[in-house]
Amino acid sequence: DEAHLLKGWKKGSSQWNRADLVAMFTKPAQCPILYLLSGTPMTNQVADYHNQLRVSAGGAVFGDKPWDFQVRYCDAGKKLKSFKKGRETMSVEYWDATGKSNVQELKRRLSCMLWGRKRREVSSEMPLITRQLMTVDIGDDKKSTATPRKKKEDVASKVAAYARQNIKTVGPRGVQEALRSCELGHQVVLFTRYHNSREYIDKLVRQAISKRTYKLASDFRYFQIHGGISSDTRVGLCRSVSSHEGPCLVLANMDAMPGGVSLRGVTENHYLEPHDKLHAVFQSEARAAEEGAEPITSIFYAVPGSYSMQCYERLLPKLQTMDEVTNDQDARDLMNQLQQDYEKDIDDILAGFLTAVAPGMQDIDGEGVDISSE
């Protein structure tokens, strides 16, 4: 199960070693029929397929050597990459297996061993996702007129600066709402975007639990999933959440969620910071969206007039549009188009913030945001 975890194509990687282990115990003499199960499409690189194929089909079919597969089907080869080092331009040679070649041949060879359900076949069985935009007002005494300190002008730095500006306002409200749901027996996820924000929210959660502010059941559990722990540990934590039958709270960084894992049982997602990648939000919602699962509520917190509010006002309609698509190829094309539109939206929002400061703008430290800090 979860066969997409074998997707690594670099020999010596943890995914490659995991595939070696699987192959060891599934030799034809011991295991004449082998099924690889996954609910996660392999859409990133053709090279990601090789580990699955060498386990399921054997080296005789697709070649046990990864570079043979990559040359034939990934347009692989040695390439040069240039970069600046001081005033000099340097070049380094590397192996590039991110392309694709002989696609029709690969599709034909896969057709006898690959079976999948289409988006339209499962869409009617998926849980309903309801989205809410929750505004959190700031009192006049807490409003700040501090403007970001512009040390860098790249978009990523600006996004990081503005995205964190209201965490001290929306954070306590999000923790409050999440723990109230846990009181009622729900499994809840609190999503943050940045490391500092997660640490701040973690302190709020631990304080509330230690002070017994909420009447939490004896089987309540608190989990954290973030980039400071290994990928295998994160996968194990996600499985612990899915197998837990009581109420729980999961504090997670959106980008740290391992690919293809399930959070079945979660009924609420709380978003405390916006993400600049549409697919990151879409995928984080989908963690709990499995056939036959309970309806899911996603709550997005923002201060009126803030960067977060303007992002969510543009993001939520796009997520709704994705929900209505039933064709797999249309979904991929639409996601790419909506992401491009969302990037333009963010550019427009940032352009407006360079000349005006929205109410309640303060960093997690209560000061003007240093754009270079992320």
# chains A, B, ... in the order shown; residues from 1 in each chain; ligands from 1

call {"tool": "select_by_dssp", "arguments": {"residues": "range 299-345 of chain A", "states": "helix (DSSP H, G or I)", "output": "VMD selection string"}}
result
chain A and resid 307 to 323 328 to 345

call {"tool": "atom_distance", "arguments": {"atom1": "CA of Asn51 in chain A", "atom2": "CA of Ala256 in chain A"}}
result
23.1 Å

call {"tool": "closest_atom_pairs", "arguments": {"of": "range 152-230 of chain A", "to": "range 120-135 of chain A", "cutoff": "10 Å", "atoms": "only C-alpha atoms", "output": "Markdown table"}}
result
| residue | atom | partner | partner_atom | distance |
| --- | --- | --- | --- | --- |
| A:Val170 | CA | A:Thr135 | CA | 8.5 |
| A:Arg173 | CA | A:Met134 | CA | 9.8 |
| A:Gly174 | CA | A:Met134 | CA | 9.6 |

call {"tool": "write_last_selection", "arguments": {"atoms": "N, CA, C and O atoms", "output": "PDB file, in the first residue's frame"}}
result
ATOM      1  N   VAL A 170      -4.768  36.246  14.544  1.00  0.00           N
ATOM      2  CA  VAL A 170      -5.603  35.116  14.139  1.00  0.00           C
ATOM      3  C   VAL A 170      -5.212  33.836  14.873  1.00  0.00           C
ATOM      4  O   VAL A 170      -6.038  32.932  15.029  1.00  0.00           O
ATOM      5  N   ARG A 173      -7.296  32.972  18.054  1.00  0.00           N
ATOM      6  CA  ARG A 173      -8.666  32.638  17.650  1.00  0.00           C
ATOM      7  C   ARG A 173      -8.716  31.263  16.997  1.00  0.00           C
ATOM      8  O   ARG A 173      -9.621  30.457  17.271  1.00  0.00           O
ATOM      9  N   GLY A 174      -7.735  30.964  16.152  1.00  0.00           N
ATOM     10  CA  GLY A 174      -7.709  29.653  15.515  1.00  0.00           C
ATOM     11  C   GLY A 174      -7.527  28.522  16.512  1.00  0.00           C
ATOM     12  O   GLY A 174      -8.185  27.482  16.413  1.00  0.00           O
TER      13      GLY A 174
END

call {"tool": "closest_residue", "arguments": {"among": "A:Leu338, A:Leu204, A:Leu179, A:Ile138", "to": "Pro304 in chain A", "atoms": "only C-alpha atoms"}}
result
A:Ile138

call {"tool": "closest_residue", "arguments": {"among": "A:Leu53, A:Arg87, A:Trp16, A:Tyr73", "to": "Gln104 in chain A", "atoms": "only C-alpha atoms"}}
result
A:Tyr73

call {"tool": "atom_distance", "arguments": {"atom1": "CA of Asp348 in chain A", "atom2": "CA of Val303 in chain A"}}
result
18.6 Å

call {"tool": "closest_residue", "arguments": {"among": "A:Ala3, A:Ala47, A:Ala57, A:Ala289", "to": "Thr267 in chain A", "atoms": "only C-alpha atoms"}}
result
A:Ala289

call {"tool": "decode", "arguments": {"residues": "range 266-282 of chain A", "atoms": "all heavy atoms", "output": "PDB file, in the first residue's frame"}}
result
ATOM      1  N   VAL A 266     -10.086  13.274   9.961  1.00  0.00           N
ATOM      2  CA  VAL A 266     -10.086  14.716  10.196  1.00  0.00           C
ATOM      3  C   VAL A 266     -11.339  15.321   9.572  1.00  0.00           C
ATOM      4  O   VAL A 266     -11.668  15.053   8.421  1.00  0.00           O
ATOM      5  CB  VAL A 266      -8.819  15.364   9.602  1.00  0.00           C
ATOM      6  CG1 VAL A 266      -8.942  16.881   9.576  1.00  0.00           C
ATOM      7  CG2 VAL A 266      -7.588  14.938  10.390  1.00  0.00           C
ATOM      8  N   THR A 267     -12.024  16.155  10.341  1.00  0.00           N
ATOM      9  CA  THR A 267     -13.256  16.779   9.848  1.00  0.00           C
ATOM     10  C   THR A 267     -13.135  18.298   9.725  1.00  0.00           C
ATOM     11  O   THR A 267     -14.035  18.938   9.183  1.00  0.00           O
ATOM     12  CB  THR A 267     -14.438  16.455  10.774  1.00  0.00           C
ATOM     13  OG1 THR A 267     -14.113  16.852  12.111  1.00  0.00           O
ATOM     14  CG2 THR A 267     -14.740  14.962  10.751  1.00  0.00           C
ATOM     15  N   GLU A 268     -12.045  18.881  10.245  1.00  0.00           N
ATOM     16  CA  GLU A 268     -11.874  20.330  10.151  1.00  0.00           C
ATOM     17  C   GLU A 268     -10.430  20.687   9.824  1.00  0.00           C
ATOM     18  O   GLU A 268      -9.497  20.128  10.414  1.00  0.00           O
ATOM     19  CB  GLU A 268     -12.263  21.024  11.466  1.00  0.00           C
ATOM     20  CG  GLU A 268     -13.741  20.978  11.785  1.00  0.00           C
ATOM     21  CD  GLU A 268     -14.080  21.764  13.041  1.00  0.00           C
ATOM     22  OE1 GLU A 268     -13.208  22.524  13.534  1.00  0.00           O
ATOM     23  OE2 GLU A 268     -15.211  21.620  13.538  1.00  0.00           O
ATOM     24  N   ASN A 269     -10.252  21.619   8.876  1.00  0.00           N
ATOM     25  CA  ASN A 269      -8.950  22.208   8.568  1.00  0.00           C
ATOM     26  C   ASN A 269      -9.008  23.694   8.901  1.00  0.00           C
ATOM     27  O   ASN A 269      -9.921  24.398   8.444  1.00  0.00           O
ATOM     28  CB  ASN A 269      -8.609  22.043   7.085  1.00  0.00           C
ATOM     29  CG  ASN A 269      -8.470  20.594   6.672  1.00  0.00           C
ATOM     30  OD1 ASN A 269      -7.757  19.827   7.304  1.00  0.00           O
ATOM     31  ND2 ASN A 269      -9.141  20.208   5.593  1.00  0.00           N
ATOM     32  N   HIS A 270      -8.050  24.190   9.701  1.00  0.00           N
ATOM     33  CA  HIS A 270      -8.002  25.603  10.059  1.00  0.00           C
ATOM     34  C   HIS A 270      -6.717  26.206   9.487  1.00  0.00           C
ATOM     35  O   HIS A 270      -5.617  25.751   9.821  1.00  0.00           O
ATOM     36  CB  HIS A 270      -8.023  25.767  11.582  1.00  0.00           C
ATOM     37  CG  HIS A 270      -9.294  25.288  12.227  1.00  0.00           C
ATOM     38  ND1 HIS A 270     -10.189  26.143  12.840  1.00  0.00           N
ATOM     39  CD2 HIS A 270      -9.828  24.051  12.346  1.00  0.00           C
ATOM     40  CE1 HIS A 270     -11.209  25.448  13.304  1.00  0.00           C
ATOM     41  NE2 HIS A 270     -11.007  24.171  13.024  1.00  0.00           N
ATOM     42  N   TYR A 271      -6.858  27.217   8.629  1.00  0.00           N
ATOM     43  CA  TYR A 271      -5.709  27.834   7.968  1.00  0.00           C
ATOM     44  C   TYR A 271      -5.427  29.195   8.598  1.00  0.00           C
ATOM     45  O   TYR A 271      -6.268  30.110   8.537  1.00  0.00           O
ATOM     46  CB  TYR A 271      -5.980  27.983   6.468  1.00  0.00           C
ATOM     47  CG  TYR A 271      -6.082  26.656   5.753  1.00  0.00           C
ATOM     48  CD1 TYR A 271      -7.294  25.975   5.663  1.00  0.00           C
ATOM     49  CD2 TYR A 271      -4.958  26.069   5.184  1.00  0.00           C
ATOM     50  CE1 TYR A 271      -7.382  24.747   5.022  1.00  0.00           C
ATOM     51  CE2 TYR A 271      -5.035  24.843   4.531  1.00  0.00           C
ATOM     52  CZ  TYR A 271      -6.250  24.197   4.462  1.00  0.00           C
ATOM     53  OH  TYR A 271      -6.338  22.974   3.825  1.00  0.00           O
ATOM     54  N   LEU A 272      -4.239  29.339   9.181  1.00  0.00           N
ATOM     55  CA  LEU A 272      -3.876  30.562   9.887  1.00  0.00           C
ATOM     56  C   LEU A 272      -3.036  31.514   9.035  1.00  0.00           C
ATOM     57  O   LEU A 272      -2.879  32.675   9.399  1.00  0.00           O
ATOM     58  CB  LEU A 272      -3.114  30.214  11.175  1.00  0.00           C
ATOM     59  CG  LEU A 272      -3.847  29.269  12.130  1.00  0.00           C
ATOM     60  CD1 LEU A 272      -2.996  28.998  13.362  1.00  0.00           C
ATOM     61  CD2 LEU A 272      -5.198  29.838  12.528  1.00  0.00           C
ATOM     62  N   GLU A 273      -2.478  31.013   7.942  1.00  0.00           N
ATOM     63  CA  GLU A 273      -1.663  31.837   7.044  1.00  0.00           C
ATOM     64  C   GLU A 273      -1.935  31.430   5.606  1.00  0.00           C
ATOM     65  O   GLU A 273      -2.169  30.245   5.331  1.00  0.00           O
ATOM     66  CB  GLU A 273      -0.167  31.647   7.337  1.00  0.00           C
ATOM     67  CG  GLU A 273       0.271  32.161   8.686  1.00  0.00           C
ATOM     68  CD  GLU A 273       1.720  31.819   8.983  1.00  0.00           C
ATOM     69  OE1 GLU A 273       2.104  30.647   8.862  1.00  0.00           O
ATOM     70  OE2 GLU A 273       2.475  32.738   9.336  1.00  0.00           O
ATOM     71  N   PRO A 274      -1.896  32.371   4.682  1.00  0.00           N
ATOM     72  CA  PRO A 274      -2.106  32.017   3.268  1.00  0.00           C
ATOM     73  C   PRO A 274      -0.860  31.392   2.667  1.00  0.00           C
ATOM     74  O   PRO A 274       0.254  31.609   3.147  1.00  0.00           O
ATOM     75  CB  PRO A 274      -2.395  33.381   2.613  1.00  0.00           C
ATOM     76  CG  PRO A 274      -1.633  34.355   3.465  1.00  0.00           C
ATOM     77  CD  PRO A 274      -1.697  33.822   4.870  1.00  0.00           C
ATOM     78  N   HIS A 275      -1.072  30.613   1.641  1.00  0.00           N
ATOM     79  CA  HIS A 275       0.036  30.016   0.891  1.00  0.00           C
ATOM     80  C   HIS A 275       0.009  30.589  -0.514  1.00  0.00           C
ATOM     81  O   HIS A 275      -1.060  30.824  -1.076  1.00  0.00           O
ATOM     82  CB  HIS A 275      -0.104  28.495   0.843  1.00  0.00           C
ATOM     83  CG  HIS A 275       1.172  27.771   0.566  1.00  0.00           C
ATOM     84  ND1 HIS A 275       1.848  27.896  -0.632  1.00  0.00           N
ATOM     85  CD2 HIS A 275       1.915  26.928   1.326  1.00  0.00           C
ATOM     86  CE1 HIS A 275       2.947  27.146  -0.595  1.00  0.00           C
ATOM     87  NE2 HIS A 275       3.009  26.551   0.570  1.00  0.00           N
ATOM     88  N   ASP A 276       1.189  30.806  -1.095  1.00  0.00           N
ATOM     89  CA  ASP A 276       1.243  31.376  -2.435  1.00  0.00           C
ATOM     90  C   ASP A 276       1.108  30.324  -3.527  1.00  0.00           C
ATOM     91  O   ASP A 276       1.089  30.663  -4.709  1.00  0.00           O
ATOM     92  CB  ASP A 276       2.541  32.169  -2.634  1.00  0.00           C
ATOM     93  CG  ASP A 276       3.777  31.326  -2.360  1.00  0.00           C
ATOM     94  OD1 ASP A 276       3.772  30.584  -1.368  1.00  0.00           O
ATOM     95  OD2 ASP A 276       4.743  31.418  -3.135  1.00  0.00           O
ATOM     96  N   LYS A 277       1.016  29.040  -3.155  1.00  0.00           N
ATOM     97  CA  LYS A 277       0.829  27.965  -4.136  1.00  0.00           C
ATOM     98  C   LYS A 277      -0.562  27.354  -3.959  1.00  0.00           C
ATOM     99  O   LYS A 277      -0.882  26.807  -2.910  1.00  0.00           O
ATOM    100  CB  LYS A 277       1.889  26.872  -3.960  1.00  0.00           C
ATOM    101  CG  LYS A 277       3.320  27.362  -4.119  1.00  0.00           C
ATOM    102  CD  LYS A 277       3.579  27.939  -5.506  1.00  0.00           C
ATOM    103  CE  LYS A 277       5.037  28.386  -5.644  1.00  0.00           C
ATOM    104  NZ  LYS A 277       5.271  29.059  -6.935  1.00  0.00           N
ATOM    105  N   LEU A 278      -1.368  27.451  -5.004  1.00  0.00           N
ATOM    106  CA  LEU A 278      -2.740  26.952  -4.954  1.00  0.00           C
ATOM    107  C   LEU A 278      -2.785  25.463  -4.654  1.00  0.00           C
ATOM    108  O   LEU A 278      -3.593  24.992  -3.847  1.00  0.00           O
ATOM    109  CB  LEU A 278      -3.437  27.255  -6.286  1.00  0.00           C
ATOM    110  CG  LEU A 278      -4.865  26.751  -6.450  1.00  0.00           C
ATOM    111  CD1 LEU A 278      -5.789  27.494  -5.511  1.00  0.00           C
ATOM    112  CD2 LEU A 278      -5.330  26.931  -7.899  1.00  0.00           C
ATOM    113  N   HIS A 279      -1.902  24.699  -5.303  1.00  0.00           N
ATOM    114  CA  HIS A 279      -1.942  23.247  -5.138  1.00  0.00           C
ATOM    115  C   HIS A 279      -1.599  22.822  -3.712  1.00  0.00           C
ATOM    116  O   HIS A 279      -2.032  21.766  -3.243  1.00  0.00           O
ATOM    117  CB  HIS A 279      -1.010  22.558  -6.136  1.00  0.00           C
ATOM    118  CG  HIS A 279       0.436  22.843  -5.929  1.00  0.00           C
ATOM    119  ND1 HIS A 279       1.213  22.196  -5.003  1.00  0.00           N
ATOM    120  CD2 HIS A 279       1.266  23.734  -6.532  1.00  0.00           C
ATOM    121  CE1 HIS A 279       2.439  22.665  -5.032  1.00  0.00           C
ATOM    122  NE2 HIS A 279       2.507  23.595  -5.961  1.00  0.00           N
ATOM    123  N   ALA A 280      -0.807  23.639  -2.995  1.00  0.00           N
ATOM    124  CA  ALA A 280      -0.450  23.305  -1.617  1.00  0.00           C
ATOM    125  C   ALA A 280      -1.692  23.301  -0.717  1.00  0.00           C
ATOM    126  O   ALA A 280      -1.868  22.422   0.123  1.00  0.00           O
ATOM    127  CB  ALA A 280       0.588  24.280  -1.079  1.00  0.00           C
ATOM    128  N   VAL A 281      -2.557  24.293  -0.915  1.00  0.00           N
ATOM    129  CA  VAL A 281      -3.800  24.358  -0.143  1.00  0.00           C
ATOM    130  C   VAL A 281      -4.741  23.237  -0.579  1.00  0.00           C
ATOM    131  O   VAL A 281      -5.354  22.555   0.249  1.00  0.00           O
ATOM    132  CB  VAL A 281      -4.481  25.725  -0.323  1.00  0.00           C
ATOM    133  CG1 VAL A 281      -5.753  25.817   0.522  1.00  0.00           C
ATOM    134  CG2 VAL A 281      -3.526  26.849   0.049  1.00  0.00           C
ATOM    135  N   PHE A 282      -4.845  23.039  -1.878  1.00  0.00           N
ATOM    136  CA  PHE A 282      -5.731  22.009  -2.415  1.00  0.00           C
ATOM    137  C   PHE A 282      -5.328  20.621  -1.901  1.00  0.00           C
ATOM    138  O   PHE A 282      -6.173  19.827  -1.487  1.00  0.00           O
ATOM    139  CB  PHE A 282      -5.687  22.045  -3.944  1.00  0.00           C
ATOM    140  CG  PHE A 282      -6.729  21.202  -4.612  1.00  0.00           C
ATOM    141  CD1 PHE A 282      -8.043  21.615  -4.669  1.00  0.00           C
ATOM    142  CD2 PHE A 282      -6.394  19.978  -5.178  1.00  0.00           C
ATOM    143  CE1 PHE A 282      -9.016  20.839  -5.284  1.00  0.00           C
ATOM    144  CE2 PHE A 282      -7.349  19.196  -5.801  1.00  0.00           C
ATOM    145  CZ  PHE A 282      -8.671  19.628  -5.844  1.00  0.00           C
TER     146      PHE A 282
END
